[in-house]
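> Handing you this structure, nothing more for now.
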2 protein chains.
Amino acid sequence: MKYIEKLRNSGLRPTKQRLQICEVLFDTETTFHFTINDLANKIKRQLNHKISLATVYNTVHAFEKKGYLKQIPINSNQTYFDTNISDHHHFYDLKEEKLIDLENSDVGPIKILKKIGGKKIKSVEVLVKLED
Amino acid sequence: MKYIEKLRNSGLRPTKQRLQICEVLFDTETTFHFTINDLANKIKRQLNHKISLATVYNTVHAFEKKGYLKQIPINSNQTYFDTNISDHHHFYDLKEEKLIDLENSDVGPIKILKKIGGKKIKSVEVLVKLED
DNA sequence: CACTTTTTTAGAATCATTATAAAGTAGACT
DNA sequence: AGTCTACTTTATAATGATTCTAAAAAAGTG
Ligand SMILES: [Mn+2]
Ligand SMILES: [Mn+2]
Ligand SMILES: [Zn+2]
Ligand SMILES: [Zn+2]
């Protein structure tokens, strides 16, 4: 399996659940945005059995810490994650409550002119809210 | 009182609680970022009595809907609001878990080149995460 | 196989937020 | 002022996403 090494190299044991979650998350044509609940449903649908919700939470957080997933800063009652870990931004359609990728090339270069002493920039994320 | 008109013009009755929350929010030298809980504590401290938490929630949401407050898109277990309603952005210090204003002039102009049919851009918000 | 450590799991706990519904208040009109 | 109505406040309950717990299962090691 192609994810066994990836997990081992991250210090995560390649359990059946983690490998299955890898398939659902990463064996896809395109990247996508999801909440934990979205993912739990997708797993049940695709694999025809459920993985404990606690495991889904644990795994998503582990993958996020390892950099295999990104959290999207947005105000929602649920946390959104992204399988697209490239440097990119988002439209948020307020009516549809949907996220849409904005590639870095779709946004001009962003210059941060202000500096905070002793701190480094870890990420720059743009959220563009859309209305009708 | 200077907030009576403001509230009336928004279709909000100028109640004692709303006027007091206006004072705490807007009678300040500088703008600030807060959670509902921060605000409830600030009220108790500054006014020496408490306003029901439900009223604080109701009022903050009413003010946000009227445009007197902005919600800051950030992943936290609590929702952050901003009394600075100007077009501006934020640093988020991951270590200190603090928000810092980034004036629009501190960030170069942002060009959104991608368009979504039938949708208008309502806001463009940049979140710059800081680490040590 | 033993043994240790990590992981999974169901269910409970937490806690920010929202809903409920009864009591209070503001505004309008006699 | 008093009456009426719609809006607001409030304590409290309900909701629901997330985290915690602790016991059972699985993984890795030799
Ligand atoms: Mn969240
Ligand atoms: Mn929130
Ligand atoms: Zn994305
Ligand atoms: Zn701000």
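Labels used: A, B, ... for chains in the order of the structure tokens, numbers from 1 for residues in each chain, and numbers from 1 for ligands as shown.
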Determine which residues of chain A sit within 8 Å of chain D, taking into account only C-alpha atoms (C1' of nucleotides), and present them as JSON, numbers by chain.

{"A": [13, 15, 77, 78]}

> Would you kindly return, as JSON, numbers by chain, each protein, DNA or RNA residue with an atom no farther than 8 Å from any atom of Ala40 of chain A, considering only C-alpha atoms (C1' of nucleotides) and excluding same-chain residues fewer than 5 positions away?

{"A": [50, 51, 53, 56]}

> Which residues sit within 7 Å of ligand 4, counting only C-alpha atoms (C1' of nucleotides) and all ligand atoms, listed as a PyMOL selection string?

chain B and resi 32-33+82+84+88-90+100-101

> All residues within 12 Å of ligand 3 are required, counting only C-alpha atoms (C1' of nucleotides) and all ligand atoms; please report them as a PyMOL selection string.

chain A and resi 30-34+69-74+80-92+98-104+125-127

> From the set A:Glu5, A:Leu19, A:Thr55, A:His49, which residue has the shortest atom-to-atom contact distance to chain C, counting only C-alpha atoms (C1' of nucleotides)?

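Checking each of A:Glu5, A:Leu19, A:Thr55, A:His49 against chain C, counting only C-alpha atoms (C1' of nucleotides), the winner is A:Thr55.
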
> Could you pull the residues within 12 Å of Pro14 of chain B, counting only C-alpha atoms (C1' of nucleotides), minus those fewer than 4 positions along the same chain, as a PyMOL selection string?

(chain B and resi 1-10+18-22+59) or (chain C and resi 25-27) or (chain D and resi 7-8)
